[in-house]
>>> print(open('work_17.txt').read())   # compact mmCIF, C-alpha atoms
# COMPACT_ATOMS: atom_id res chain seq x y z
CA MET A 3 -22.70 12.10 -8.78
CA ASN A 4 -20.66 8.96 -8.22
CA PRO A 5 -21.25 7.11 -4.93
CA GLN A 6 -18.45 7.06 -2.38
CA PRO A 7 -16.98 3.61 -1.74
CA CYS A 8 -17.67 2.04 1.66
CA ALA A 9 -14.51 -0.08 1.66
CA THR A 10 -11.49 -1.04 -0.40
CA ILE A 11 -11.01 -4.64 -1.56
CA ILE A 12 -7.35 -5.38 -2.30
CA ILE A 13 -6.48 -8.21 -4.69
CA PRO A 14 -2.76 -9.04 -5.04
CA LEU A 15 -1.94 -10.57 -8.42
CA LEU A 16 1.22 -12.40 -9.43
CA ARG A 17 -0.24 -14.74 -12.07
CA GLN A 18 -3.55 -16.52 -12.22
CA ASN A 19 -5.86 -18.70 -14.28
CA ASP A 20 -7.66 -16.09 -16.42
CA ARG A 21 -11.17 -17.42 -15.74
CA TRP A 22 -10.59 -17.55 -12.02
CA LEU A 23 -9.13 -14.05 -12.03
CA GLU A 24 -12.16 -12.63 -13.82
CA GLN A 25 -14.54 -14.31 -11.37
CA SER A 26 -12.55 -13.04 -8.40
CA VAL A 27 -12.32 -9.42 -9.53
CA ARG A 28 -15.90 -9.30 -10.78
CA SER A 29 -17.16 -10.57 -7.42
CA ALA A 30 -15.49 -7.59 -5.76
CA LEU A 31 -16.78 -5.10 -8.34
CA VAL A 32 -20.44 -6.15 -7.98
CA GLN A 33 -20.63 -5.96 -4.19
CA SER A 34 -24.01 -4.71 -2.99
CA ALA A 35 -22.13 -2.18 -0.85
CA PHE A 36 -20.13 -0.19 -3.40
CA SER A 37 -16.44 -0.82 -2.86
CA ASP A 38 -13.21 0.45 -4.31
CA VAL A 39 -11.45 -2.50 -5.96
CA LEU A 40 -7.68 -2.26 -6.11
CA ILE A 41 -5.56 -4.80 -8.00
CA VAL A 42 -1.87 -4.85 -7.12
CA ILE A 43 -0.05 -6.40 -10.07
CA SER A 44 3.49 -7.77 -10.19
CA PRO A 45 6.19 -7.13 -12.79
CA GLU A 46 5.68 -10.85 -13.53
CA THR A 47 1.91 -10.68 -14.12
CA PRO A 48 1.35 -12.25 -17.58
CA ALA A 49 -0.19 -10.48 -20.55
CA SER A 50 -3.31 -12.66 -20.49
CA ASN A 51 -4.08 -11.56 -16.91
CA LEU A 52 -3.52 -7.93 -17.86
CA ALA A 53 -5.95 -8.36 -20.76
CA VAL A 54 -8.60 -9.68 -18.34
CA LEU A 55 -8.12 -6.60 -16.16
CA ALA A 56 -8.24 -4.25 -19.15
CA ALA A 57 -11.57 -5.73 -20.23
CA LEU A 58 -12.97 -5.34 -16.73
CA ARG A 59 -11.79 -1.72 -16.58
CA ARG A 60 -13.74 -0.97 -19.73
CA GLU A 61 -16.83 -2.31 -17.97
CA PHE A 62 -16.11 -0.96 -14.49
CA HIS A 63 -14.36 2.40 -14.60
CA SER A 64 -13.87 2.36 -10.82
CA LEU A 65 -11.40 -0.55 -10.99
CA ARG A 66 -7.93 0.60 -9.97
CA ILE A 67 -4.65 -1.09 -10.83
CA ILE A 68 -1.28 -0.34 -9.27
CA ARG A 69 2.08 -2.05 -9.71
CA GLU A 70 3.96 -3.59 -6.81
CA LYS A 71 7.66 -2.79 -6.44
CA PRO A 72 9.95 -5.68 -7.47
CA GLY A 73 11.00 -8.02 -4.70
CA ARG A 74 8.29 -7.23 -2.16
CA GLY A 75 6.20 -10.31 -2.87
CA PHE A 76 2.76 -11.17 -1.51
CA PRO A 77 2.86 -9.21 1.79
CA GLY A 78 4.39 -6.24 -0.01
CA ALA A 79 1.57 -6.25 -2.56
CA LEU A 80 -1.05 -6.15 0.18
CA ASN A 81 0.85 -3.38 1.97
CA ALA A 82 0.98 -1.37 -1.24
CA GLY A 83 -2.78 -1.78 -1.51
CA ILE A 84 -3.34 -0.70 2.08
CA ALA A 85 -1.22 2.41 1.50
CA ALA A 86 -3.21 3.26 -1.65
CA ALA A 87 -6.64 2.68 -0.06
CA THR A 88 -8.71 5.84 0.39
CA THR A 89 -11.39 4.28 2.62
CA SER A 90 -11.33 3.58 6.35
CA ARG A 91 -12.23 -0.10 5.86
CA VAL A 92 -10.00 -2.51 3.93
CA GLY A 93 -10.53 -6.14 2.91
CA PHE A 94 -8.37 -8.79 1.23
CA LEU A 95 -9.35 -11.12 -1.61
CA LEU A 96 -7.03 -13.62 -3.32
CA SER A 97 -7.23 -13.86 -7.08
CA ASP A 98 -8.34 -17.50 -7.25
CA ASP A 99 -11.12 -16.99 -4.69
CA TRP A 100 -14.30 -14.92 -4.81
CA LEU A 101 -16.83 -13.17 -2.59
CA LEU A 102 -20.56 -13.51 -2.23
CA SER A 103 -22.24 -10.29 -3.30
CA ASP A 104 -23.14 -9.14 0.23
CA ALA A 105 -19.76 -9.86 1.87
CA VAL A 106 -18.85 -6.21 2.43
CA ALA A 107 -22.42 -5.15 3.29
CA GLU A 108 -22.65 -7.80 6.01
CA CYS A 109 -19.38 -6.61 7.56
CA LEU A 110 -19.98 -2.86 7.51
CA PRO A 111 -22.40 -2.66 10.50
CA PHE A 112 -19.60 -3.92 12.76
CA SER A 113 -17.09 -1.26 13.80
CA ALA A 114 -14.46 -3.70 15.10
CA ASP A 115 -10.84 -3.53 13.96
CA ILE A 116 -11.13 -7.08 12.58
CA VAL A 117 -14.40 -8.34 11.12
CA SER A 118 -14.35 -12.01 10.05
CA THR A 119 -17.01 -13.87 8.09
CA GLY A 120 -15.86 -17.45 7.66
CA LEU A 121 -15.51 -19.23 4.33
CA THR A 122 -16.79 -22.05 2.16
CA VAL A 123 -14.24 -24.22 0.38
CA TYR A 124 -14.99 -25.23 -3.21
CA ALA A 125 -13.36 -27.73 -5.52
CA ALA A 126 -11.32 -26.38 -8.43
CA ASP A 127 -14.43 -26.25 -10.62
CA GLY A 128 -15.79 -23.45 -8.43
CA LEU A 129 -19.14 -25.24 -8.27
CA THR A 130 -18.70 -28.11 -5.82
CA PRO A 131 -18.81 -27.01 -2.16
CA LEU A 132 -16.63 -28.97 0.25
CA GLU A 133 -18.52 -28.38 3.46
CA HIS A 134 -16.43 -30.84 5.48
CA ILE A 135 -13.36 -28.61 5.12
CA SER A 136 -15.08 -25.21 5.21
CA SER A 137 -14.77 -22.79 8.14
CA HIS A 138 -18.07 -21.65 9.63
CA ILE A 139 -17.08 -19.61 12.66
CA THR A 140 -19.07 -18.26 15.61
CA TRP A 141 -18.46 -15.84 18.46
CA SER A 142 -18.77 -18.59 21.05
CA GLY A 143 -16.22 -20.64 19.12
CA TYR A 144 -13.86 -17.69 19.04
CA GLU A 145 -14.18 -16.97 22.76
CA SER A 146 -13.55 -20.62 23.61
CA GLN A 147 -10.06 -20.52 22.09
CA ALA A 148 -7.34 -20.86 24.71
CA ASN A 149 -5.03 -17.99 23.75
CA LEU A 150 -4.37 -15.28 21.16
CA GLU A 151 -2.57 -17.67 18.81
CA ARG A 152 -5.57 -19.99 18.75
CA LYS A 153 -7.94 -17.05 18.33
CA ALA A 154 -5.88 -15.80 15.36
CA ALA A 155 -5.93 -19.26 13.79
CA TYR A 156 -9.69 -19.56 14.33
CA LEU A 157 -10.60 -16.37 12.46
CA THR A 158 -10.62 -16.56 8.67
CA HIS A 159 -11.50 -14.78 5.42
CA PHE A 160 -13.33 -12.67 4.54
CA PHE A 161 -11.60 -10.05 6.69
CA LEU A 162 -12.65 -6.42 6.73
CA PHE A 163 -10.12 -4.34 8.67
CA ASN A 164 -9.94 -0.90 10.20
CA LYS A 165 -7.19 0.71 8.10
CA LYS A 166 -5.93 2.81 11.01
CA LYS A 167 -5.39 -0.31 13.12
CA LEU A 168 -3.53 -1.97 10.26
CA GLU A 169 -1.24 1.03 10.03
CA GLU A 170 -0.81 1.11 13.81
CA VAL A 171 0.62 -2.43 13.83
CA GLY A 172 2.79 -1.80 10.77
CA CYS A 173 0.55 -3.71 8.31
CA LEU A 174 1.89 -7.07 7.07
CA ASP A 175 5.38 -7.96 8.24
CA GLU A 176 7.39 -8.28 5.03
CA SER A 177 10.49 -9.45 6.92
CA LEU A 178 8.86 -12.84 7.56
CA GLY A 179 8.96 -14.01 3.96
CA ASP A 180 6.79 -14.34 0.89
CA ALA A 181 4.30 -16.94 2.06
CA PRO A 182 0.71 -17.54 3.13
CA GLY A 183 -0.27 -17.07 6.74
CA ILE A 184 1.25 -13.60 6.97
CA ASP A 185 -2.08 -12.07 5.92
CA ASP A 186 -4.67 -14.24 7.67
CA TYR A 187 -2.77 -15.60 10.69
CA GLU A 188 0.33 -13.65 11.69
CA LEU A 189 -1.24 -10.25 10.99
CA ILE A 190 -4.31 -11.23 13.00
CA TRP A 191 -2.14 -12.51 15.86
CA THR A 192 -0.15 -9.26 15.92
CA MET A 193 -3.32 -7.16 15.86
CA LEU A 194 -4.82 -9.14 18.76
CA GLU A 195 -1.61 -8.63 20.76
CA ARG A 196 -2.00 -4.91 20.12
CA GLY A 197 -5.56 -4.87 21.47
CA ALA A 198 -7.56 -5.06 18.24
CA SER A 199 -11.29 -5.52 18.64
CA VAL A 200 -13.03 -8.40 16.84
CA ALA A 201 -16.47 -9.05 15.40
CA ILE A 202 -17.79 -12.16 13.67
CA VAL A 203 -20.57 -11.90 11.12
CA GLY A 204 -21.74 -15.48 11.56
CA LYS A 205 -22.03 -16.19 7.83
CA SER A 206 -19.57 -17.69 5.39
CA LEU A 207 -19.22 -15.09 2.65
CA TYR A 208 -15.77 -15.88 1.25
CA CYS A 209 -15.39 -18.64 -1.35
CA TYR A 210 -12.04 -20.44 -1.32
CA ARG A 211 -11.04 -22.44 -4.38
CA ASP A 212 -9.01 -25.55 -3.47
CA HIS A 213 -6.85 -26.60 -6.41
CA GLU A 214 -3.46 -27.87 -7.55
CA GLU A 215 -2.45 -24.94 -9.74
CA ILE A 216 -0.33 -21.96 -8.63
CA ARG A 217 -1.11 -20.91 -5.06
CA LEU A 218 1.03 -19.61 -2.19
CA THR A 219 0.18 -22.61 -0.01
CA LEU A 220 1.52 -24.94 -2.73
CA ARG A 221 5.01 -23.45 -2.80
CA GLU A 222 8.08 -25.44 -1.73
CA LYS A 223 7.35 -26.80 1.74
CA GLN A 224 10.67 -25.94 3.36
CA ASN A 225 10.31 -22.27 2.44
CA LEU A 226 6.86 -22.23 4.03
CA ILE A 227 8.24 -23.90 7.16
CA ARG A 228 10.99 -21.27 7.43
CA THR A 229 8.37 -18.52 7.32
CA MET A 230 6.41 -20.27 10.04
CA GLU A 231 9.56 -20.51 12.17
CA ARG A 232 10.07 -16.75 11.80
CA ILE A 233 6.47 -16.15 12.87
CA LEU A 234 6.94 -18.24 16.00
CA ASP A 235 10.23 -16.49 16.73
CA LYS A 236 8.54 -13.10 16.43
CA HIS A 237 5.83 -14.07 18.91
CA GLY A 238 8.26 -15.66 21.34
CA VAL A 239 6.77 -19.16 21.30
CA PRO A 240 9.13 -21.48 23.23
CA GLY A 241 10.13 -25.13 23.31
CA ALA A 242 7.50 -27.83 23.10
CA GLU A 243 4.72 -25.40 22.21
CA ARG A 244 6.78 -24.11 19.28
CA GLU A 245 7.34 -27.64 17.95
CA HIS A 246 3.65 -28.44 18.36
CA LEU A 247 2.54 -25.35 16.41
CA LEU A 248 5.15 -25.89 13.71
CA ALA A 249 4.02 -29.49 13.18
CA ARG A 250 0.33 -28.55 13.21
CA HIS A 251 0.75 -25.86 10.55
CA ALA A 252 3.39 -27.61 8.42
CA ARG A 253 1.12 -30.52 7.57
CA TRP A 254 -0.98 -28.13 5.44
CA PHE A 255 1.98 -26.78 3.46
CA GLY A 256 2.58 -27.74 -0.15
CA LYS A 257 -0.67 -29.64 -0.72
CA PRO A 258 -4.33 -28.81 -1.47
CA ILE A 259 -6.62 -28.85 1.58
CA GLN A 260 -8.53 -31.88 0.27
CA THR A 261 -5.35 -33.91 0.02
CA VAL A 262 -4.27 -33.14 3.59
CA TRP A 263 -7.77 -33.82 4.89
CA LYS A 264 -7.77 -37.27 3.28
CA GLU A 265 -4.33 -38.04 4.71
CA LEU A 266 -5.43 -37.03 8.21
CA ASN A 267 -8.55 -39.19 7.97
CA GLN A 268 -6.52 -42.15 6.76
CA ALA A 269 -4.10 -41.69 9.65
CA ARG A 270 -6.98 -41.57 12.15
CA ARG A 271 -8.47 -44.76 10.74
CA GLY A 272 -5.08 -46.42 10.87
CA THR A 273 -4.70 -45.68 14.58
CA SER A 274 -8.29 -46.44 15.60
>>> encode(input="work_17.txt", output="structure tokens")
Amino acid sequence: MNPQPCATIIIPLLRQNDRWLEQSVRSALVQSAFSDVLIVISPETPASNLAVLAALRREFHSLRIIREKPGRGFPGALNAGIAAATTSRVGFLLSDDWLLSDAVAECLPFSADIVSTGLTVYAADGLTPLEHISSHITWSGYESQANLERKAAYLTHFFLFNKKKLEEVGCLDESLGDAPGIDDYELIWTMLERGASVAIVGKSLYCYRDHEEIRLTLREKQNLIRTMERILDKHGVPGAEREHLLARHARWFGKPIQTVWKELNQARRGTS
């Protein structure tokens, strides 16, 4: 008798480095807490990526693949995955990142609507940890944040969600654009406004690959800024606070994290 999955891990896939894709999907398939792994492919997903998935399906018969409708983009792919999930708990994984093997198991004991683990950033080689730009979060750190926007920005991958709460808030807002931040910032902010409960595992179980190849955060900066403006409009952020948030977020758009970090350090040294 096949075990019942404890959670669904959704991986949206447009196109990806084949080696990175295999590592990402395999990390979801070998979770110590058996999970349903659902890949949402695009009409533009290349043949080499599809071959990677086909090989993994031969090894892991539980791997599911669905096709996103044209034009829905990144948030639409995640929403398609949420709709197709058959479990009450749902997590997101990007196809150039990977999970430690106990990521889901560490989250499951918490019944909160949003469970967050924190993440470790790695260089493009997937071997070199960049601790100085990683996000190791704590409950006390979360509670010290001044408002819901700051709390939303503080929380980070890996997220394990209550599917019912996702559906209650309308899942990801596809009207905002096809850009990062809709999944791990705006969605969290909206859920907190709607009374979502939060738990923090206290371990960094998500591995983020920082690189210069194709990634949502490396898209054309002005498009990313326009999405951020729509997010601030949606949440009614006024005047000076709006400009402050836009500037704070925009500095990360269009460049790898390491690059921005170096620029910020150079600027600090220049003003010290």
>>> atom_distance(input="work_17.txt", atom1="atom CA of A:Ala155", atom2="atom CA of A:Tyr187")
5.7 Å
>>> closest_residue(input="work_17.txt", among="A:Glu231, A:Glu61, A:Asp212, A:Glu70", to="A:Ile13", atoms="only C-alpha atoms")
A:Glu70
>>> residues_around(input="work_17.txt", residues="A:Ser64", least_positions_apart="5", cutoff="8 Å", atoms="all atoms listed in the file", output="PyMOL selection string")
chain A and resi 38-39+59
>>> atom_distance(input="work_17.txt", atom1="atom CA of A:Ile116", atom2="atom CA of A:Gly204")
13.6 Å
>>> closest_residue(input="work_17.txt", among="A:Lys236, A:Arg244, A:Arg17, A:His159", to="A:Thr119", atoms="only C-alpha atoms")
A:His159
